[in-house]
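Chemist: File name model15.pdb; file contents PDB, C-alpha atoms and all ligand atoms; full text below.
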```pdb
ATOM      1  CA  MET P 178      15.722 -14.028 -20.146
ATOM      2  CA  SER P 179      13.437 -16.860 -21.284
ATOM      3  CA  ALA P 180      13.225 -17.864 -24.948
ATOM      4  CA  GLY P 181       9.461 -18.209 -24.425
ATOM      5  CA  LEU P 182       6.717 -15.628 -24.117
ATOM      6  CA  VAL P 183       6.908 -13.713 -20.823
ATOM      7  CA  ILE P 184       3.893 -11.676 -19.742
ATOM      8  CA  ALA P 185       4.059  -9.131 -16.904
ATOM      9  CA  VAL P 186       0.751  -8.219 -15.228
ATOM     10  CA  ASP P 187       1.036  -5.428 -12.653
ATOM     11  CA  GLY P 188      -1.489  -3.365 -10.755
ATOM     12  CA  PRO P 189      -2.804  -2.390  -7.327
ATOM     13  CA  ALA P 190      -4.517  -4.668  -4.791
ATOM     14  CA  ALA P 191      -7.704  -6.356  -6.057
ATOM     15  CA  SER P 192      -7.493  -4.776  -9.508
ATOM     16  CA  GLY P 193      -8.266  -8.135 -11.142
ATOM     17  CA  LYS P 194      -4.649  -8.787 -12.160
ATOM     18  CA  GLY P 195      -4.617 -12.263 -10.578
ATOM     19  CA  THR P 196      -7.681 -13.399 -12.515
ATOM     20  CA  ILE P 197      -6.304 -11.869 -15.700
ATOM     21  CA  ALA P 198      -2.897 -13.518 -15.199
ATOM     22  CA  ALA P 199      -4.534 -16.925 -14.582
ATOM     23  CA  GLY P 200      -6.656 -16.522 -17.738
ATOM     24  CA  LEU P 201      -3.611 -15.616 -19.831
ATOM     25  CA  GLY P 202      -1.687 -18.566 -18.404
ATOM     26  CA  ALA P 203      -4.499 -20.953 -19.357
ATOM     27  CA  HIS P 204      -4.869 -19.404 -22.824
ATOM     28  CA  TYR P 205      -1.159 -19.502 -23.723
ATOM     29  CA  ARG P 206      -0.436 -22.635 -21.626
ATOM     30  CA  LEU P 207       2.134 -20.811 -19.522
ATOM     31  CA  PRO P 208       2.982 -21.294 -15.833
ATOM     32  CA  VAL P 209       1.693 -18.431 -13.644
ATOM     33  CA  LEU P 210       3.333 -16.927 -10.549
ATOM     34  CA  ASP P 211       1.284 -14.705  -8.231
ATOM     35  CA  THR P 212       4.228 -12.816  -6.733
ATOM     36  CA  GLY P 213       1.999 -11.349  -4.003
ATOM     37  CA  LEU P 214       2.095 -14.822  -2.436
ATOM     38  CA  LEU P 215       5.859 -14.488  -1.879
ATOM     39  CA  TYR P 216       5.386 -11.325   0.178
ATOM     40  CA  ARG P 217       2.358 -12.832   1.935
ATOM     41  CA  ALA P 218       4.417 -15.916   2.881
ATOM     42  CA  VAL P 219       7.200 -13.752   4.333
ATOM     43  CA  GLY P 220       4.695 -11.685   6.335
ATOM     44  CA  VAL P 221       2.891 -14.777   7.663
ATOM     45  CA  LEU P 222       6.191 -16.458   8.576
ATOM     46  CA  MET P 223       7.336 -13.363  10.490
ATOM     47  CA  ARG P 224       4.025 -13.221  12.363
ATOM     48  CA  ARG P 225       4.164 -16.949  13.237
ATOM     49  CA  LEU P 226       7.668 -16.502  14.614
ATOM     50  CA  ASP P 227       6.374 -13.432  16.474
ATOM     51  CA  GLU P 228       9.073 -11.275  14.873
ATOM     52  CA  ASP P 229       8.996  -7.523  14.358
ATOM     53  CA  LEU P 230       7.660  -6.788  10.851
ATOM     54  CA  ASP P 231       9.637  -3.531  10.775
ATOM     55  CA  ASP P 232      12.952  -5.374  11.258
ATOM     56  CA  ALA P 233      14.373  -5.383   7.711
ATOM     57  CA  GLY P 234      17.182  -7.824   8.579
ATOM     58  CA  LEU P 235      14.886 -10.467  10.072
ATOM     59  CA  ALA P 236      12.329 -10.045   7.272
ATOM     60  CA  GLY P 237      15.089 -10.354   4.644
ATOM     61  CA  ALA P 238      16.337 -13.552   6.299
ATOM     62  CA  ALA P 239      12.780 -14.969   6.303
ATOM     63  CA  ALA P 240      12.473 -14.120   2.578
ATOM     64  CA  ALA P 241      15.789 -15.862   1.839
ATOM     65  CA  ARG P 242      14.476 -19.073   3.467
ATOM     66  CA  LEU P 243      11.236 -19.162   1.451
ATOM     67  CA  THR P 244      10.452 -22.311  -0.541
ATOM     68  CA  ALA P 245       7.871 -22.915  -3.289
ATOM     69  CA  ASP P 246       5.776 -25.349  -1.200
ATOM     70  CA  GLN P 247       5.101 -22.600   1.387
ATOM     71  CA  LEU P 248       3.128 -20.716  -1.285
ATOM     72  CA  ARG P 249       0.334 -23.295  -1.163
ATOM     73  CA  ASP P 250      -0.707 -22.373   2.411
ATOM     74  CA  PRO P 251      -4.395 -21.227   2.355
ATOM     75  CA  ALA P 252      -3.578 -18.790   5.190
ATOM     76  CA  LEU P 253      -1.799 -16.641   2.580
ATOM     77  CA  ARG P 254      -5.162 -15.761   0.983
ATOM     78  CA  THR P 255      -6.582 -13.995   4.057
ATOM     79  CA  ARG P 256      -7.044 -10.283   4.612
ATOM     80  CA  ALA P 257      -4.527 -10.387   7.482
ATOM     81  CA  ALA P 258      -1.873 -11.931   5.217
ATOM     82  CA  GLY P 259      -2.357  -9.113   2.676
ATOM     83  CA  GLU P 260      -1.696  -6.545   5.376
ATOM     84  CA  LEU P 261       1.411  -8.412   6.660
ATOM     85  CA  ALA P 262       2.694  -8.693   3.062
ATOM     86  CA  SER P 263       2.340  -4.998   2.421
ATOM     87  CA  ARG P 264       4.354  -4.254   5.603
ATOM     88  CA  VAL P 265       7.308  -6.542   4.816
ATOM     89  CA  ALA P 266       7.313  -5.567   1.110
ATOM     90  CA  VAL P 267       8.682  -2.104   1.990
ATOM     91  CA  HIS P 268      12.084  -3.606   2.938
ATOM     92  CA  ALA P 269      14.707  -3.589   0.160
ATOM     93  CA  LYS P 270      16.268  -6.681   1.791
ATOM     94  CA  VAL P 271      13.017  -8.595   1.345
ATOM     95  CA  ARG P 272      12.612  -7.488  -2.267
ATOM     96  CA  GLY P 273      16.241  -8.392  -2.988
ATOM     97  CA  ALA P 274      15.939 -11.851  -1.394
ATOM     98  CA  LEU P 275      12.900 -12.629  -3.574
ATOM     99  CA  LEU P 276      14.583 -11.642  -6.851
ATOM    100  CA  ASP P 277      16.220 -15.006  -7.648
ATOM    101  CA  PHE P 278      12.977 -16.924  -7.176
ATOM    102  CA  GLN P 279      11.116 -14.586  -9.539
ATOM    103  CA  HIS P 280      13.939 -14.492 -12.120
ATOM    104  CA  ALA P 281      14.114 -18.301 -12.161
ATOM    105  CA  PHE P 282      10.360 -18.509 -12.704
ATOM    106  CA  ALA P 283      10.410 -15.914 -15.491
ATOM    107  CA  GLY P 284      13.422 -17.593 -17.110
ATOM    108  CA  GLN P 285      11.740 -20.962 -17.723
ATOM    109  CA  ALA P 286      12.110 -22.106 -21.337
ATOM    110  CA  SER P 287       8.318 -22.344 -21.666
ATOM    111  CA  GLY P 288       7.854 -18.658 -20.937
ATOM    112  CA  ALA P 289       5.717 -17.509 -17.990
ATOM    113  CA  VAL P 290       3.106 -15.115 -16.644
ATOM    114  CA  LEU P 291       3.961 -13.183 -13.469
ATOM    115  CA  ASP P 292       1.602 -10.839 -11.651
ATOM    116  CA  GLY P 293       2.541  -8.304  -9.013
ATOM    117  CA  ARG P 294       3.534  -4.685  -8.566
ATOM    118  CA  ASP P 295       6.994  -4.385 -10.120
ATOM    119  CA  ILE P 296       7.152  -7.174 -12.705
ATOM    120  CA  GLY P 297       7.333  -4.926 -15.766
ATOM    121  CA  THR P 298       9.596  -2.341 -14.114
ATOM    122  CA  VAL P 299      12.052  -4.385 -11.999
ATOM    123  CA  ILE P 300      11.659  -8.162 -12.296
ATOM    124  CA  VAL P 301      11.314  -8.653 -16.077
ATOM    125  CA  PRO P 302      11.825  -5.248 -17.717
ATOM    126  CA  ASP P 303      12.256  -6.989 -21.094
ATOM    127  CA  ALA P 304       8.978  -8.969 -20.896
ATOM    128  CA  ALA P 305       7.347  -9.334 -24.326
ATOM    129  CA  ALA P 306       3.979  -8.135 -23.033
ATOM    130  CA  LYS P 307       3.238  -5.800 -20.116
ATOM    131  CA  LEU P 308      -0.151  -4.914 -18.715
ATOM    132  CA  TYR P 309      -0.983  -2.538 -15.895
ATOM    133  CA  VAL P 310      -4.437  -3.375 -14.560
ATOM    134  CA  THR P 311      -6.401  -0.743 -12.617
ATOM    135  CA  ALA P 312      -9.894  -0.061 -11.269
ATOM    136  CA  THR P 313     -11.259   2.529  -8.838
ATOM    137  CA  PRO P 314     -10.626   1.848  -5.125
ATOM    138  CA  GLU P 315     -14.404   1.409  -4.579
ATOM    139  CA  VAL P 316     -14.726  -1.267  -7.271
ATOM    140  CA  ARG P 317     -11.576  -3.043  -6.068
ATOM    141  CA  ALA P 318     -12.887  -2.999  -2.482
ATOM    142  CA  LYS P 319     -16.223  -4.474  -3.638
ATOM    143  CA  ARG P 320     -14.423  -7.311  -5.465
ATOM    144  CA  ARG P 321     -12.066  -8.086  -2.580
ATOM    145  CA  TRP P 322     -14.910  -7.900  -0.028
ATOM    146  CA  THR P 323     -17.007 -10.377  -2.057
ATOM    147  CA  GLN P 324     -13.994 -12.718  -2.257
ATOM    148  CA  LEU P 325     -13.279 -12.524   1.496
ATOM    149  CA  ILE P 326     -16.940 -13.106   2.409
ATOM    150  CA  ALA P 327     -16.942 -16.189   0.149
ATOM    151  CA  GLN P 328     -13.851 -17.425   2.050
ATOM    152  CA  GLY P 329     -15.841 -17.065   5.296
ATOM    153  CA  GLU P 330     -14.141 -13.918   6.677
ATOM    154  CA  ALA P 331     -16.288 -11.598   8.806
ATOM    155  CA  VAL P 332     -15.387  -8.192   7.363
ATOM    156  CA  THR P 333     -17.306  -5.092   6.251
ATOM    157  CA  TYR P 334     -17.022  -3.356   2.867
ATOM    158  CA  ASP P 335     -15.851  -0.167   4.624
ATOM    159  CA  ASP P 336     -13.005  -2.036   6.337
ATOM    160  CA  VAL P 337     -11.884  -3.494   3.012
ATOM    161  CA  LEU P 338     -12.033  -0.069   1.324
ATOM    162  CA  ALA P 339      -9.903   1.366   4.155
ATOM    163  CA  ASP P 340      -7.394  -1.519   3.682
ATOM    164  CA  ILE P 341      -7.201  -0.850  -0.050
ATOM    165  CA  ARG P 342      -6.519   2.861   0.487
ATOM    166  CA  THR P 343      -3.819   2.141   3.094
ATOM    167  CA  ARG P 344      -2.180  -0.452   0.862
ATOM    168  CA  ASP P 345      -2.255   1.813  -2.197
ATOM    169  CA  ALA P 346      -0.460   4.506  -0.189
ATOM    170  CA  ARG P 347       2.105   2.056   1.250
ATOM    171  CA  ASP P 348       2.722   0.051  -1.934
ATOM    172  CA  GLY P 349       3.139   3.203  -3.998
ATOM    173  CA  GLY P 350       5.116   5.141  -1.433
ATOM    174  CA  ARG P 351       8.434   3.337  -1.280
ATOM    175  CA  ASP P 352      11.654   4.085  -3.105
ATOM    176  CA  THR P 353      12.717   0.508  -3.787
ATOM    177  CA  ALA P 354       9.859  -0.525  -6.073
ATOM    178  CA  PRO P 355       7.244   2.142  -6.419
ATOM    179  CA  MET P 356       3.959   0.805  -7.714
ATOM    180  CA  ARG P 357       3.777   2.374 -11.131
ATOM    181  CA  PRO P 358       3.246   1.203 -14.676
ATOM    182  CA  ALA P 359       6.316   0.487 -16.792
ATOM    183  CA  ASP P 360       6.717   3.122 -19.527
ATOM    184  CA  ASP P 361       5.897   0.478 -22.138
ATOM    185  CA  ALA P 362       2.988  -1.154 -20.253
ATOM    186  CA  VAL P 363      -0.527  -1.034 -21.678
ATOM    187  CA  LEU P 364      -3.049   0.302 -19.146
ATOM    188  CA  LEU P 365      -6.211  -1.741 -18.667
ATOM    189  CA  ASP P 366      -8.904  -0.068 -16.563
ATOM    190  CA  THR P 367     -11.348  -2.812 -15.533
ATOM    191  CA  THR P 368     -13.683  -0.558 -13.486
ATOM    192  CA  GLU P 369     -16.619  -0.972 -15.877
ATOM    193  CA  MET P 370     -15.732  -4.480 -17.092
ATOM    194  CA  THR P 371     -16.965  -7.950 -16.236
ATOM    195  CA  ILE P 372     -14.326 -10.650 -15.674
ATOM    196  CA  GLU P 373     -14.923 -11.952 -19.218
ATOM    197  CA  GLN P 374     -14.583  -8.489 -20.764
ATOM    198  CA  ALA P 375     -11.358  -7.849 -18.834
ATOM    199  CA  ALA P 376      -9.953 -11.251 -19.869
ATOM    200  CA  ASP P 377     -10.812 -10.562 -23.543
ATOM    201  CA  ALA P 378      -9.244  -7.103 -23.419
ATOM    202  CA  ALA P 379      -6.095  -8.554 -21.811
ATOM    203  CA  ARG P 380      -5.811 -11.216 -24.521
ATOM    204  CA  ARG P 381      -6.093  -8.587 -27.252
ATOM    205  CA  ILE P 382      -3.302  -6.547 -25.639
ATOM    206  CA  VAL P 383      -1.069  -9.625 -25.359
ATOM    207  CA  GLU P 384      -1.843 -10.738 -28.923
ATOM    208  CA  ALA P 385      -0.661  -7.364 -30.269
ATOM    209  CA  ALA P 386       2.498  -7.509 -28.136
ATOM    210  CA  ARG P 387       3.112 -11.155 -29.104
ATOM    211  CA  ALA P 388       2.893 -10.333 -32.809
ATOM    212  CA  ARG P 389       5.595  -7.666 -32.333
ATOM    213  CA  TRP P 390       7.689 -10.060 -30.201
ATOM    214  CA  ILE P 391       7.509 -12.833 -32.846
ATOM    215  CA  THR P 392       8.645 -10.434 -35.559
ATOM    216  CA  THR P 393      11.580  -9.112 -33.571
ATOM    217  CA  SER P 394      12.800 -12.329 -31.860
TER     218      SER P 394
HETATM  219  O1  LIG J   1      -1.213  -8.696  -4.761
HETATM  220  P1  LIG J   1      -1.327  -9.000  -3.273
HETATM  221  O2  LIG J   1      -2.512  -8.360  -2.615
HETATM  222  O3  LIG J   1      -1.270 -10.458  -2.986
HETATM  223  O4  LIG J   1      -0.007  -8.355  -2.631
HETATM  224  C1  LIG J   1       0.204  -8.324  -1.250
HETATM  225  C2  LIG J   1       1.234  -7.238  -0.922
HETATM  226  O5  LIG J   1       2.513  -7.661  -1.389
HETATM  227  C3  LIG J   1       0.976  -5.894  -1.563
HETATM  228  O6  LIG J   1       0.300  -5.020  -0.698
HETATM  229  C4  LIG J   1       2.344  -5.369  -1.901
HETATM  230  C5  LIG J   1       3.228  -6.570  -1.941
HETATM  231  N1  LIG J   1       3.721  -6.928  -3.283
HETATM  232  C6  LIG J   1       4.811  -6.258  -3.760
HETATM  233  O7  LIG J   1       5.295  -5.333  -3.107
HETATM  234  N2  LIG J   1       5.358  -6.609  -4.962
HETATM  235  C7  LIG J   1       4.821  -7.589  -5.682
HETATM  236  N3  LIG J   1       5.386  -7.930  -6.853
HETATM  237  C8  LIG J   1       3.667  -8.279  -5.221
HETATM  238  C9  LIG J   1       3.125  -7.908  -4.003
END
```
Please express the file's structure as structure tokens.
Modeler:
Amino acid sequence: MSAGLVIAVDGPAASGKGTIAAGLGAHYRLPVLDTGLLYRAVGVLMRRLDEDLDDAGLAGAAAARLTADQLRDPALRTRAAGELASRVAVHAKVRGALLDFQHAFAGQASGAVLDGRDIGTVIVPDAAAKLYVTATPEVRAKRRWTQLIAQGEAVTYDDVLADIRTRDARDGGRDTAPMRPADDAVLLDTTEMTIEQAADAARRIVEAARARWITTS
């Protein structure tokens, strides 16, 4: 466990957790890891090698070979990469192979912000601050669709909403790391919020948790 402040930001696809995590990282001057990129990189690697995404052994081996510089590939930000990620993320071997990378990041002396699905429950259960960011599927689909259009992808809102529903079912349906809030996470529903309002609300939650963490550590 790091001696610094560790913040866990979990939530479903396109809930705004990435933007919130980046804002918290900038505010507290902490390094930020978008753990979705790890799963996206494994999925993209498997597809490039033309390997079967349902083969847990091959996917686990691809995850074990992952390096930090692979996370900078812009191809990881596409809709297709999100779908590939969600498919390989169901394998316990993949999740296990990605543990060390995430633990090392969270263990930095500076502290860290990590966003994902299972940060507060599995990766850093003793994080000082835990947020679980949600929004309705329709609002999440609208946000993701706007983002993908800006990236130049030809995709309809209805397709993105269908993706979100499929991914919610798959991400929340596995035994290894069910997508659920940690018991001690604070829920942040951003459905009716602007980015600024969500960022402010997240900072208030972390400030309260940080005050408790300073007193007890
Ligand atoms: O947050 P994202 O859209 O980049 O995540 C892509 C997929 O990766 C998501 O559908 C589920 C998986 N994932 C996961 O299982 N655990 C994480 N900590 C992060 C992502």
Chemist: Step by step, work through what the PyMOL selection byres (((not hetatm)) within 8 of (chain J and resi 1)) selects in the shown file, and finish by giving those residues as a PyMOL selection string.
Modeler: chain P and resi 187+189-191+195+211-217+254+258-267+272+292-296+344-345+347-348+354+356
Chemist: With distances taken over all atoms listed in the file, which of P:Ala240, P:Leu201, P:Asp336, P:Ala379 is nearest to Leu276 of chain P?
Modeler: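 Checking each of P:Ala240, P:Leu201, P:Asp336, P:Ala379 against Leu276 of chain P, counting all atoms listed in the file, the winner is P:Ala240.
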Chemist: Which one is closest to Gly200 of chain P: P:Val290, P:Met223, P:Ala339, P:Ala318? Count all atoms listed in the file.
Modeler: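 Among P:Val290, P:Met223, P:Ala339, P:Ala318, it is P:Val290 that comes nearest to Gly200 of chain P.
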Chemist: Taking (-14.4, 0.7, -6.0) in the file's own coordinates, collect the residues within 10 Å, counting only C-alpha atoms, and hand them back as a list in words.
Modeler: Ala191, Ser192, Ala312, Thr313, Pro314, Glu315, Val316, Arg317, Ala318, Lys319, Arg320, Arg321, Leu338, Ile341 and Thr368 of chain P
Chemist: Considering all atoms listed in the file, can you say which of P:Ala289, P:Ala252, P:Val186, P:Ala236 comes closest to Pro208 of chain P?
Modeler: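 When distances to Pro208 of chain P are compared using all atoms listed in the file, the smallest one comes from P:Ala289.
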Chemist: In Å to one decimal, how far is atom CA of Ile300 of chain P from atom CA of Ala185 of chain P?
Modeler: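 Atom CA of Ala185 of chain P sits 8.9 Å away from atom CA of Ile300 of chain P.
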Chemist: Leaving out Leu235 of chain P and any residue of its chain fewer than 5 positions from it, which residues lie within 10 Å of it when counting only C-alpha atoms, given as a list of chain:residue names?
Modeler: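 What passes the distance filter is P:Met223, P:Glu228, P:Asp229, P:Leu230, P:Ala240, P:Ala241, P:Lys270, P:Val271.
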Chemist: Give me, please, the distance in Å between atom CA of Ala286 of chain P and atom CA of Val209 of chain P, quoted to one decimal.
Modeler: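 Separation of atom CA of Ala286 of chain P and atom CA of Val209 of chain P: 13.5 Å.
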Chemist: Quick one: distance from atom CA of Gly188 of chain P to atom CA of Ile391 of chain P in Å, one decimal?
Modeler: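 Separation between atom CA of Gly188 of chain P and atom CA of Ile391 of chain P: 25.7 Å.
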Chemist: Using all atoms listed in the file, which of P:Ile184, P:Asp231, P:Leu226, P:Ala257 sits nearest Ala269 of chain P?
Modeler: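 Counting all atoms listed in the file, the residue closest to Ala269 of chain P is P:Asp231.
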Chemist: So that I can check the surroundings of Val183 of chain P, please list as JSON, numbers by chain every protein, DNA and RNA residue that reaches within 12 Å of it, counting all atoms listed in the file and ignoring chain neighbours fewer than 4 positions away.
Modeler: {"P": [178, 179, 198, 201, 202, 205, 206, 207, 208, 209, 210, 280, 282, 283, 284, 285, 286, 287, 288, 289, 290, 291, 292, 296, 297, 300, 301, 302, 303, 304, 305, 306, 307, 308, 383, 386, 387, 390]}
Chemist: Around segment 287-290 of chain P, fit a box with edges along x, y and z, padding it by 6 Å on each side, then list its centre and edge lengths in Å to one decimal as AutoDock Vina command-line options.
Modeler:
```
--center_x 5.7 --center_y -18.7 --center_z -19.2 --size_x 17.2 --size_y 19.2 --size_z 17.0
```
Chemist: Pick the closest to Arg224 of chain P from P:Ile197, P:Ala245, P:Leu275, P:Leu253: which is it, counting only C-alpha atoms?
Modeler: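 Checking each candidate against Arg224 of chain P, we get P:Leu253 as the closest.
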